[in-house]
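Just below is one structure, and these are the notes that go with it.
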Amino acid sequence: MVKSHIALVTGASRGLGREIAIGLARDGYRVLAVARSKSALDSLVEDHPGSIFAYEADVSDNKTVEQLAKRVKKEQGTIQVLVNAAGVFGPIDLIQNSDPEQWAKTILIDTLAPYFTTRVFLAGMLEKRWGRIINLSSAASLHPPGSLNSAYGTAKVALNQFTRHLAAEISGSGVTANVIHPGDVKTQMWADIKEKALALGETGKDYTSWVDWVAETGGDDSKKAMELVLEIVSSSYDLINGRFLWIREPLQAPIASWEDPVDARPWK
């Protein structure tokens, strides 16, 4: 891996996205940090002059992503590492009581935004025959379906399947696509879940139990997700494609995701 490679990280103004951007910069990458507000990235850029560059964009808007791609190509060159870290948990409510706009927005940010960014940056990776697409998923996508988190659970299951389709398309190209579970981290998303679960009272007890567990344990160290990303961009992961990957020693024991598919279609 040549350390002149350029990495783009969405959701880089806070939480896991910020941690991953910093880790990639320290590892020698030129990092393009993307967030909806450029001012939210000011301190990040100031602390890493010459290695992290701020770009303002709402990655849930396809036209904005297309404009971002044109600007990045002109100002920076070809993206070869794409980390889709922007995400929201969305509504915690029964489907019949949920806000349809917030439900749809969850799908838009957590599933469609990674599609939008992948679509515009993949060609450059394929041309150079090396690249990494890393999508932040969640163990929630592997848990048995339950009440209250239909938007988030659906979004992350769809993100998993999108990544697997992508991995199948680019197999053998030198470019890989994987999803990761970054751990149970005490981030602003955790605080959002806490507020929404408490508002539901007894109905939200499953989520308040998770919130309390993360608080009591301190949660997973966000640096573990960054360390996993650095592993994935290394040559040791050249052949790892279309997988659900876990951080080292997570608080939540790894859950089985999927085996290599068996094509049993009768017309094949």
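Each chain in the structure tokens gets a letter, A, B, ..., in the order shown, and its residues are numbered from 1; ligands are numbered from 1 in order too.
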
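The protein and nucleic acid residues lying at most 8 Å from Leu251 of chain A are A:Gly183, A:Asp184, A:Gly219, A:Asp220, with only C-alpha atoms considered and sequence neighbours fewer than 3 positions away removed.
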
Output the selection as a short mmCIF file (atom, residue, chain, number, x, y, z; two decimals), in the first residue's frame - C-alpha atoms for each residue.
data_model
loop_
_atom_site.label_atom_id
_atom_site.label_comp_id
_atom_site.auth_asym_id
_atom_site.auth_seq_id
_atom_site.Cartn_x
_atom_site.Cartn_y
_atom_site.Cartn_z
CA GLY A 183 -18.75 -2.17 18.70
CA ASP A 184 -21.19 -0.94 21.32
CA GLY A 219 -18.73 0.59 26.04
CA ASP A 220 -16.27 -0.53 23.41
#

Write down as a VMD selection string the residues belonging to segment 23-233 of chain A that are assigned helix (DSSP H, G or I) by DSSP computed on the backbone.
chain A and resid 23 to 26 38 to 47 62 to 75 95 to 97 100 to 128 139 to 141 150 to 170 188 to 199 201 to 217 222 to 232

Set the distance at 7 Å and use only C-alpha atoms: which residues neighbour segment 161-171 of chain A once local chain neighbours fewer than 5 positions away are removed? I'd like the list as an MDAnalysis selection string.
chainID A and resid 176:179 241:242

For the residues selected in the previous step, produce a file with C-alpha atoms as a tab-separated table (two decimals), in the first residue's frame.
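What follows is the written file again.tsv:
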chain	number	residue	atom	x	y	z
A	176	THR	CA	-12.94	-4.98	-1.84
A	177	ALA	CA	-16.15	-4.09	0.01
A	178	ASN	CA	-16.95	-5.11	3.57
A	179	VAL	CA	-19.16	-4.09	6.48
A	241	ASN	CA	-14.37	-9.29	0.39
A	242	GLY	CA	-18.09	-9.21	1.13

Extract, using only C-alpha atoms, all DNA, RNA and protein residues at most 6 Å from segment 8-23 of chain A, discarding same-chain residues fewer than 5 positions from it, and format them as a PyMOL selection string.
chain A and resi 31-35+40-41+82-86+187+226

Measure the distance from atom CA of Ala191 of chain A to atom CA of Ala140 of chain A in Å and round it to one decimal.
16.9 Å

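Between atom CA of Asp42 of chain A and atom CA of Lys74 of chain A the interatomic distance comes to 21.8 Å.
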